[in-house]
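Visitor: This is the content of upload.cif (mmCIF, C-alpha atoms; chains and numbers go by the auth columns):
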data_structure
#
loop_
_atom_site.group_PDB
_atom_site.id
_atom_site.type_symbol
_atom_site.label_atom_id
_atom_site.label_comp_id
_atom_site.label_asym_id
_atom_site.label_seq_id
_atom_site.Cartn_x
_atom_site.Cartn_y
_atom_site.Cartn_z
_atom_site.B_iso_or_equiv
_atom_site.auth_seq_id
_atom_site.auth_asym_id
ATOM 1 C CA THR A 1 -5.123 -7.672 -47.287 0.00 258 A
ATOM 2 C CA THR A 2 -4.121 -8.448 -43.748 0.00 259 A
ATOM 3 C CA THR A 3 -5.944 -6.745 -40.883 0.00 260 A
ATOM 4 C CA LYS A 4 -4.020 -6.434 -37.678 0.00 261 A
ATOM 5 C CA ALA A 5 -6.091 -6.781 -34.511 0.00 262 A
ATOM 6 C CA THR A 6 -5.498 -4.105 -31.944 0.00 263 A
ATOM 7 C CA THR A 7 -6.107 -4.446 -28.228 0.00 264 A
ATOM 8 C CA VAL A 8 -7.603 -1.438 -26.526 0.00 265 A
ATOM 9 C CA MET A 9 -6.406 -1.259 -22.942 0.00 266 A
ATOM 10 C CA SER A 10 -8.878 0.473 -20.687 0.00 267 A
ATOM 11 C CA LYS A 11 -7.763 3.005 -18.121 0.00 268 A
ATOM 12 C CA PRO A 12 -7.981 1.413 -14.643 0.00 269 A
ATOM 13 C CA VAL A 13 -10.655 2.749 -12.328 0.00 270 A
ATOM 14 C CA LEU A 14 -10.003 2.603 -8.579 0.00 271 A
ATOM 15 C CA THR A 15 -12.977 3.335 -6.330 0.00 272 A
ATOM 16 C CA TYR A 16 -12.686 4.059 -2.619 0.00 273 A
ATOM 17 C CA PHE A 17 -13.474 6.789 -0.106 0.00 274 A
ATOM 18 C CA ASN A 18 -11.623 10.091 0.177 0.00 275 A
ATOM 19 C CA GLY A 19 -8.819 8.720 2.325 0.00 276 A
ATOM 20 C CA ARG A 20 -5.622 6.733 1.989 0.00 277 A
ATOM 21 C CA GLY A 21 -6.822 3.626 3.796 0.00 278 A
ATOM 22 C CA TYR A 22 -7.045 0.442 1.775 0.00 279 A
ATOM 23 C CA ALA A 23 -6.609 2.203 -1.576 0.00 280 A
ATOM 24 C CA GLU A 24 -3.330 4.008 -1.023 0.00 281 A
ATOM 25 C CA VAL A 25 -0.975 1.146 -1.887 0.00 282 A
ATOM 26 C CA PRO A 26 -2.715 0.718 -5.270 0.00 283 A
ATOM 27 C CA ARG A 27 -2.408 4.477 -5.830 0.00 284 A
ATOM 28 C CA LEU A 28 1.309 4.351 -4.983 0.00 285 A
ATOM 29 C CA ILE A 29 1.771 1.441 -7.404 0.00 286 A
ATOM 30 C CA PHE A 30 0.058 3.408 -10.156 0.00 287 A
ATOM 31 C CA ALA A 31 2.293 6.382 -9.389 0.00 288 A
ATOM 32 C CA GLU A 32 5.503 4.339 -9.471 0.00 289 A
ATOM 33 C CA ALA A 33 4.451 2.567 -12.674 0.00 290 A
ATOM 34 C CA GLN A 34 3.383 5.842 -14.329 0.00 291 A
ATOM 35 C CA VAL A 35 -0.073 4.466 -15.071 0.00 292 A
ATOM 36 C CA GLU A 36 -2.951 6.831 -15.696 0.00 293 A
ATOM 37 C CA TYR A 37 -6.069 5.769 -13.825 0.00 294 A
ATOM 38 C CA GLN A 38 -9.351 7.155 -12.567 0.00 295 A
ATOM 39 C CA ASP A 39 -9.225 7.834 -8.834 0.00 296 A
ATOM 40 C CA VAL A 40 -12.882 7.730 -7.776 0.00 297 A
ATOM 41 C CA ARG A 41 -13.443 8.970 -4.228 0.00 298 A
ATOM 42 C CA LEU A 42 -16.898 8.167 -2.901 0.00 299 A
ATOM 43 C CA GLU A 43 -19.014 10.117 -0.505 0.00 300 A
ATOM 44 C CA LYS A 44 -20.588 7.803 2.084 0.00 301 A
ATOM 45 C CA HIS A 45 -24.052 8.098 0.522 0.00 302 A
ATOM 46 C CA GLU A 46 -22.660 6.856 -2.802 0.00 303 A
ATOM 47 C CA LEU A 47 -21.736 3.441 -1.416 0.00 304 A
ATOM 48 C CA GLU A 48 -25.271 1.996 -1.318 0.00 305 A
ATOM 49 C CA PRO A 49 -25.977 2.555 -5.035 0.00 306 A
ATOM 50 C CA LEU A 50 -22.620 0.932 -5.809 0.00 307 A
ATOM 51 C CA LYS A 51 -23.573 -2.073 -3.668 0.00 308 A
ATOM 52 C CA ALA A 52 -26.880 -2.305 -5.516 0.00 309 A
ATOM 53 C CA SER A 53 -25.028 -2.410 -8.841 0.00 310 A
ATOM 54 C CA GLY A 54 -23.626 -5.837 -7.965 0.00 311 A
ATOM 55 C CA LYS A 55 -20.039 -4.774 -8.583 0.00 312 A
ATOM 56 C CA LEU A 56 -18.959 -5.273 -4.967 0.00 313 A
ATOM 57 C CA ALA A 57 -18.722 -8.989 -4.239 0.00 314 A
ATOM 58 C CA PHE A 58 -18.731 -8.420 -0.474 0.00 315 A
ATOM 59 C CA GLY A 59 -20.369 -5.006 -0.342 0.00 316 A
ATOM 60 C CA GLN A 60 -17.030 -3.294 0.351 0.00 317 A
ATOM 61 C CA VAL A 61 -14.578 -1.005 -1.361 0.00 318 A
ATOM 62 C CA PRO A 62 -11.932 -0.633 -2.707 0.00 319 A
ATOM 63 C CA LEU A 63 -12.971 -1.737 -6.170 0.00 320 A
ATOM 64 C CA LEU A 64 -10.603 -1.996 -9.125 0.00 321 A
ATOM 65 C CA GLN A 65 -12.011 -2.131 -12.643 0.00 322 A
ATOM 66 C CA HIS A 66 -9.480 -2.966 -15.328 0.00 323 A
ATOM 67 C CA ASN A 67 -9.905 -4.546 -18.763 0.00 324 A
ATOM 68 C CA GLY A 68 -13.219 -6.163 -17.869 0.00 325 A
ATOM 69 C CA LEU A 69 -12.050 -7.278 -14.441 0.00 326 A
ATOM 70 C CA GLU A 70 -13.961 -6.114 -11.373 0.00 327 A
ATOM 71 C CA LEU A 71 -11.784 -6.864 -8.388 0.00 328 A
ATOM 72 C CA VAL A 72 -12.449 -6.305 -4.694 0.00 329 A
ATOM 73 C CA GLN A 73 -10.464 -7.056 -1.512 0.00 330 A
ATOM 74 C CA SER A 74 -7.461 -4.783 -1.077 0.00 331 A
ATOM 75 C CA GLY A 75 -4.950 -7.636 -0.861 0.00 332 A
ATOM 76 C CA ALA A 76 -6.129 -9.093 -4.160 0.00 333 A
ATOM 77 C CA ILE A 77 -5.989 -5.665 -5.807 0.00 334 A
ATOM 78 C CA VAL A 78 -2.492 -4.962 -4.479 0.00 335 A
ATOM 79 C CA ARG A 79 -1.117 -8.312 -5.645 0.00 336 A
ATOM 80 C CA TYR A 80 -2.771 -8.012 -9.051 0.00 337 A
ATOM 81 C CA LEU A 81 -1.326 -4.553 -9.667 0.00 338 A
ATOM 82 C CA ALA A 82 2.115 -5.502 -8.369 0.00 339 A
ATOM 83 C CA LYS A 83 2.201 -8.441 -10.786 0.00 340 A
ATOM 84 C CA GLU A 84 0.812 -6.326 -13.615 0.00 341 A
ATOM 85 C CA TYR A 85 3.492 -3.650 -13.239 0.00 342 A
ATOM 86 C CA GLY A 86 6.538 -5.710 -12.305 0.00 343 A
ATOM 87 C CA LEU A 87 6.747 -5.095 -8.564 0.00 344 A
ATOM 88 C CA TYR A 88 6.033 -8.602 -7.296 0.00 345 A
ATOM 89 C CA GLY A 89 9.508 -10.108 -7.568 0.00 346 A
ATOM 90 C CA ALA A 90 11.281 -12.089 -10.257 0.00 347 A
ATOM 91 C CA ASP A 91 9.673 -15.433 -9.423 0.00 348 A
ATOM 92 C CA HIS A 92 7.373 -17.194 -6.987 0.00 349 A
ATOM 93 C CA ARG A 93 10.118 -17.394 -4.355 0.00 350 A
ATOM 94 C CA GLU A 94 10.570 -13.626 -4.308 0.00 351 A
ATOM 95 C CA ALA A 95 6.794 -13.180 -4.378 0.00 352 A
ATOM 96 C CA ALA A 96 6.569 -15.343 -1.258 0.00 353 A
ATOM 97 C CA GLN A 97 9.228 -13.220 0.460 0.00 354 A
ATOM 98 C CA ILE A 98 7.263 -10.085 -0.418 0.00 355 A
ATOM 99 C CA ASP A 99 4.204 -11.724 1.113 0.00 356 A
ATOM 100 C CA VAL A 100 6.154 -12.244 4.338 0.00 357 A
ATOM 101 C CA VAL A 101 6.666 -8.484 4.543 0.00 358 A
ATOM 102 C CA TYR A 102 3.043 -7.834 3.551 0.00 359 A
ATOM 103 C CA LEU A 103 1.548 -10.129 6.173 0.00 360 A
ATOM 104 C CA GLY A 104 4.033 -9.039 8.834 0.00 361 A
ATOM 105 C CA LEU A 105 3.020 -5.431 8.305 0.00 362 A
ATOM 106 C CA ASN A 106 -0.622 -6.470 8.581 0.00 363 A
ATOM 107 C CA ASP A 107 0.141 -8.083 11.939 0.00 364 A
ATOM 108 C CA ALA A 108 1.972 -4.974 13.125 0.00 365 A
ATOM 109 C CA GLU A 109 -0.978 -2.795 12.122 0.00 366 A
ATOM 110 C CA GLU A 110 -3.451 -5.125 13.766 0.00 367 A
ATOM 111 C CA GLY A 111 -1.977 -4.369 17.174 0.00 368 A
ATOM 112 C CA TYR A 112 -2.696 -0.697 16.633 0.00 369 A
ATOM 113 C CA TRP A 113 -6.267 -1.156 15.440 0.00 370 A
ATOM 114 C CA LYS A 114 -7.069 -3.595 18.238 0.00 371 A
ATOM 115 C CA ALA A 115 -6.023 -1.071 20.878 0.00 372 A
ATOM 116 C CA SER A 116 -9.086 -0.201 22.930 0.00 373 A
ATOM 117 C CA ASP A 117 -8.890 3.596 22.837 0.00 374 A
ATOM 118 C CA ASP A 118 -6.698 6.534 21.763 0.00 375 A
ATOM 119 C CA ALA A 119 -4.472 6.212 24.825 0.00 376 A
ATOM 120 C CA ALA A 120 -3.883 2.529 24.105 0.00 377 A
ATOM 121 C CA LYS A 121 -3.139 3.297 20.458 0.00 378 A
ATOM 122 C CA GLU A 122 -0.621 5.939 21.503 0.00 379 A
ATOM 123 C CA ALA A 123 1.005 3.483 23.901 0.00 380 A
ATOM 124 C CA TYR A 124 1.224 0.864 21.167 0.00 381 A
ATOM 125 C CA LEU A 125 3.082 3.268 18.872 0.00 382 A
ATOM 126 C CA LYS A 126 5.506 4.117 21.679 0.00 383 A
ATOM 127 C CA GLU A 127 6.177 0.601 22.951 0.00 384 A
ATOM 128 C CA GLY A 128 4.102 -2.249 21.549 0.00 385 A
ATOM 129 C CA ILE A 129 5.160 -1.784 17.954 0.00 386 A
ATOM 130 C CA ASN A 130 8.854 -1.785 18.790 0.00 387 A
ATOM 131 C CA LYS A 131 9.143 -5.567 18.599 0.00 388 A
ATOM 132 C CA TRP A 132 7.855 -5.393 15.018 0.00 389 A
ATOM 133 C CA ILE A 133 10.307 -2.655 14.113 0.00 390 A
ATOM 134 C CA VAL A 134 13.126 -4.870 15.419 0.00 391 A
ATOM 135 C CA HIS A 135 11.818 -7.826 13.382 0.00 392 A
ATOM 136 C CA PHE A 136 11.677 -5.759 10.193 0.00 393 A
ATOM 137 C CA GLU A 137 15.115 -4.247 10.797 0.00 394 A
ATOM 138 C CA ASN A 138 16.527 -7.772 11.157 0.00 395 A
ATOM 139 C CA LEU A 139 14.701 -8.927 8.034 0.00 396 A
ATOM 140 C CA LEU A 140 16.034 -6.029 6.008 0.00 397 A
ATOM 141 C CA THR A 141 19.556 -6.476 7.376 0.00 398 A
ATOM 142 C CA LYS A 142 19.560 -10.145 6.358 0.00 399 A
ATOM 143 C CA SER A 143 18.541 -9.181 2.822 0.00 400 A
ATOM 144 C CA GLY A 144 21.472 -6.792 2.462 0.00 401 A
ATOM 145 C CA GLY A 145 20.145 -3.717 4.244 0.00 402 A
ATOM 146 C CA GLU A 146 18.830 -1.785 1.242 0.00 403 A
ATOM 147 C CA PHE A 147 15.784 -3.594 -0.137 0.00 404 A
ATOM 148 C CA PHE A 148 13.602 -6.264 1.433 0.00 405 A
ATOM 149 C CA VAL A 149 13.610 -8.717 -1.482 0.00 406 A
ATOM 150 C CA GLY A 150 15.871 -9.471 -4.416 0.00 407 A
ATOM 151 C CA GLY A 151 18.153 -6.464 -4.065 0.00 408 A
ATOM 152 C CA LYS A 152 15.658 -4.193 -5.812 0.00 409 A
ATOM 153 C CA PHE A 153 12.609 -2.002 -5.282 0.00 410 A
ATOM 154 C CA THR A 154 9.443 -4.092 -5.019 0.00 411 A
ATOM 155 C CA LEU A 155 5.971 -4.062 -3.562 0.00 412 A
ATOM 156 C CA ALA A 156 7.588 -4.701 -0.155 0.00 413 A
ATOM 157 C CA GLU A 157 9.003 -1.154 -0.160 0.00 414 A
ATOM 158 C CA VAL A 158 5.643 0.333 -1.180 0.00 415 A
ATOM 159 C CA LEU A 159 3.874 -1.528 1.617 0.00 416 A
ATOM 160 C CA PHE A 160 6.433 -0.543 4.236 0.00 417 A
ATOM 161 C CA PHE A 161 6.326 3.096 3.160 0.00 418 A
ATOM 162 C CA ASP A 162 2.533 3.267 3.270 0.00 419 A
ATOM 163 C CA THR A 163 2.255 1.593 6.677 0.00 420 A
ATOM 164 C CA LEU A 164 4.982 3.684 8.270 0.00 421 A
ATOM 165 C CA PHE A 165 3.762 6.948 6.768 0.00 422 A
ATOM 166 C CA SER A 166 0.770 7.002 9.101 0.00 423 A
ATOM 167 C CA PHE A 167 2.687 5.674 12.094 0.00 424 A
ATOM 168 C CA LEU A 168 5.480 8.234 11.713 0.00 425 A
ATOM 169 C CA GLN A 169 2.957 11.050 11.748 0.00 426 A
ATOM 170 C CA LYS A 170 2.008 9.936 15.247 0.00 427 A
ATOM 171 C CA ASN A 171 5.494 8.921 16.412 0.00 428 A
ATOM 172 C CA PRO A 172 8.208 10.654 14.315 0.00 429 A
ATOM 173 C CA SER A 173 11.059 8.912 16.163 0.00 430 A
ATOM 174 C CA LEU A 174 9.777 5.407 15.451 0.00 431 A
ATOM 175 C CA LEU A 175 12.644 4.469 13.107 0.00 432 A
ATOM 176 C CA ASP A 176 15.450 6.383 14.801 0.00 433 A
ATOM 177 C CA LYS A 177 17.062 3.212 16.189 0.00 434 A
ATOM 178 C CA SER A 178 16.596 1.257 12.942 0.00 435 A
ATOM 179 C CA PRO A 179 19.054 2.692 10.398 0.00 436 A
ATOM 180 C CA HIS A 180 18.289 0.284 7.571 0.00 437 A
ATOM 181 C CA LEU A 181 14.533 0.742 7.877 0.00 438 A
ATOM 182 C CA LYS A 182 14.895 4.504 8.081 0.00 439 A
ATOM 183 C CA LYS A 183 17.041 4.582 4.929 0.00 440 A
ATOM 184 C CA ASN A 184 14.621 2.230 3.151 0.00 441 A
ATOM 185 C CA TYR A 185 11.684 4.476 4.032 0.00 442 A
ATOM 186 C CA GLU A 186 13.504 7.648 2.999 0.00 443 A
ATOM 187 C CA THR A 187 14.656 6.081 -0.272 0.00 444 A
ATOM 188 C CA THR A 188 11.093 5.156 -1.173 0.00 445 A
ATOM 189 C CA ALA A 189 9.824 8.600 -0.170 0.00 446 A
ATOM 190 C CA SER A 190 12.399 10.223 -2.441 0.00 447 A
ATOM 191 C CA ARG A 191 11.613 8.178 -5.561 0.00 448 A
ATOM 192 C CA PRO A 192 10.500 10.898 -7.994 0.00 449 A
ATOM 193 C CA ARG A 193 7.124 9.446 -8.994 0.00 450 A
ATOM 194 C CA ILE A 194 6.158 8.495 -5.460 0.00 451 A
ATOM 195 C CA ALA A 195 7.362 11.839 -4.075 0.00 452 A
ATOM 196 C CA LYS A 196 5.281 13.642 -6.707 0.00 453 A
ATOM 197 C CA TRP A 197 2.146 11.683 -5.830 0.00 454 A
ATOM 198 C CA VAL A 198 2.606 12.191 -2.084 0.00 455 A
ATOM 199 C CA SER A 199 3.064 15.943 -2.571 0.00 456 A
ATOM 200 C CA GLU A 200 -0.024 16.234 -4.789 0.00 457 A
ATOM 201 C CA ARG A 201 -2.479 13.758 -3.267 0.00 458 A
ATOM 202 C CA PRO A 202 -5.431 15.024 -1.211 0.00 459 A
ATOM 203 C CA ASN A 203 -4.457 15.733 2.390 0.00 460 A
ATOM 204 C CA THR A 204 -6.681 13.393 4.409 0.00 461 A
ATOM 205 C CA PRO A 205 -6.477 12.287 8.068 0.00 462 A
ATOM 206 C CA TRP A 206 -6.379 8.575 7.190 0.00 463 A
#
Re-express the file's structure as structure tokens.

Guide:
Amino acid sequence: TTTKATTVMSKPVLTYFNGRGYAEVPRLIFAEAQVEYQDVRLEKHELEPLKASGKLAFGQVPLLQHNGLELVQSGAIVRYLAKEYGLYGADHREAAQIDVVYLGLNDAEEGYWKASDDAAKEAYLKEGINKWIVHFENLLTKSGGEFFVGGKFTLAEVLFFDTLFSFLQKNPSLLDKSPHLKKNYETTASRPRIAKWVSERPNTPW
């Protein structure tokens, strides 16, 4: 008699606060990949007990728990999930190109968060960010104008969509002079699984 071993895959658990923030790209990846997961949204008072549990290596969320892995740091979580569900390019060269988009978006966001007050943030979204929009439009144009990397939908599109979603709420005309970026954003927004998640997710200010 031969006994076949079976592997029980646990449902991922993603823990963060009730906001998009650093957990929204993982949620969008889960949506696109049609993966069921537990979306745990902490109240502020629930963070300290979680820290005391020892599950947070640096005392911060988000936290991803998956098949015995307890992973913190949003960038590590995003890369892990993108690799797990086939959104991190065909090889290490494409993965590196996706990282260029990822880190460039981080730099573009940094200018906003470093702005000293609301007026400075508003000014950044009207003027300061424009150089980054031009850079990304050029990058997308060089890659064929449709997708950032490899001629297909990857993590780069998810990252761009998530970053621009918040910025476009504050400055709806941000992409009006960047036709390729605007089409890229709209294409991602219209992907059925992502569109469904965006329409159903909790409406939070951040």

Visitor: Translate the PyMOL selection byres ((chain A and resi 440) around 12) into a concrete residue list for this structure, as a ChimeraX atom specification.

Guide: /A:394,397-398,402-405,414,417-418,432-439,441-447

Visitor: Starting from the PyMOL selection byres ((chain A and resi 319) around 12), expand the selection into actual residues of this file and give them as an MDAnalysis selection string.

Guide: chainID A and resid 270:284 296:299 304 307:308 312:318 320:322 327:335

Visitor: Quick one: apply the PyMOL selection byres ((chain A and resi 451) around 10) to the file and drop the selected residues here as number ranges by chain.

Guide: A: 284-291, 415, 445-450, 452-457

Visitor: Kindly export the residues of the current selection with C-alpha atoms, as a tab-separated table (two decimals), keeping the file's coordinate frame.

Guide:
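The resulting again08.tsv:
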chain	number	residue	atom	x	y	z
A	284	ARG	CA	-2.41	4.48	-5.83
A	285	LEU	CA	1.31	4.35	-4.98
A	286	ILE	CA	1.77	1.44	-7.40
A	287	PHE	CA	0.06	3.41	-10.16
A	288	ALA	CA	2.29	6.38	-9.39
A	289	GLU	CA	5.50	4.34	-9.47
A	290	ALA	CA	4.45	2.57	-12.67
A	291	GLN	CA	3.38	5.84	-14.33
A	415	VAL	CA	5.64	0.33	-1.18
A	445	THR	CA	11.09	5.16	-1.17
A	446	ALA	CA	9.82	8.60	-0.17
A	447	SER	CA	12.40	10.22	-2.44
A	448	ARG	CA	11.61	8.18	-5.56
A	449	PRO	CA	10.50	10.90	-7.99
A	450	ARG	CA	7.12	9.45	-8.99
A	452	ALA	CA	7.36	11.84	-4.08
A	453	LYS	CA	5.28	13.64	-6.71
A	454	TRP	CA	2.15	11.68	-5.83
A	455	VAL	CA	2.61	12.19	-2.08
A	456	SER	CA	3.06	15.94	-2.57
A	457	GLU	CA	-0.02	16.23	-4.79

Visitor: Have a look at A:Arg336, A:Lys427, A:Lys409, A:His349 and name the one nearest to Tyr381 in chain A; count all atoms listed in the file.

Guide: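 Ranked by minimum distance to Tyr381 in chain A, first place goes to A:Lys427.
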
Visitor: Enter the distance from CA of Gln354 in chain A to CA of Gly385 in chain A, in Å, rounded to one decimal.

Guide: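 Separating CA of Gln354 in chain A from CA of Gly385 in chain A is a distance of 24.3 Å.
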
Visitor: Report, in Å with one decimal, the straight-line distance from CA of Pro459 in chain A to CA of Pro429 in chain A.

Guide: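 Interatomic distance here is 21.1 Å.
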
Visitor: Of the residues A:Leu421, A:Ala347, A:Ala339, A:Ala377, which is the one nearest to Gly408 in chain A, using only C-alpha atoms?

Guide: A:Ala347

Visitor: So the first atom is CA of Ile386 in chain A and the second is CA of Ser423 in chain A; what is the distance between them in Å, to one decimal place?

Guide: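 Between CA of Ile386 in chain A and CA of Ser423 in chain A the gap works out to 13.2 Å.
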
Visitor: With distances taken over only C-alpha atoms, which of A:Ile355, A:Ala365, A:Ala372, A:Ala309 is nearest to Ser400 in chain A?

Guide: A:Ile355

Visitor: Please report, as JSON, the centre and edge lengths in Å to one decimal of an axis-aligned box covering all listed atoms of range 349-360 of chain A with 8 Å per side.

Guide:
{"center_x": 6.1, "center_y": -12.6, "center_z": -0.4, "size_x": 25.0, "size_y": 25.6, "size_z": 29.2}
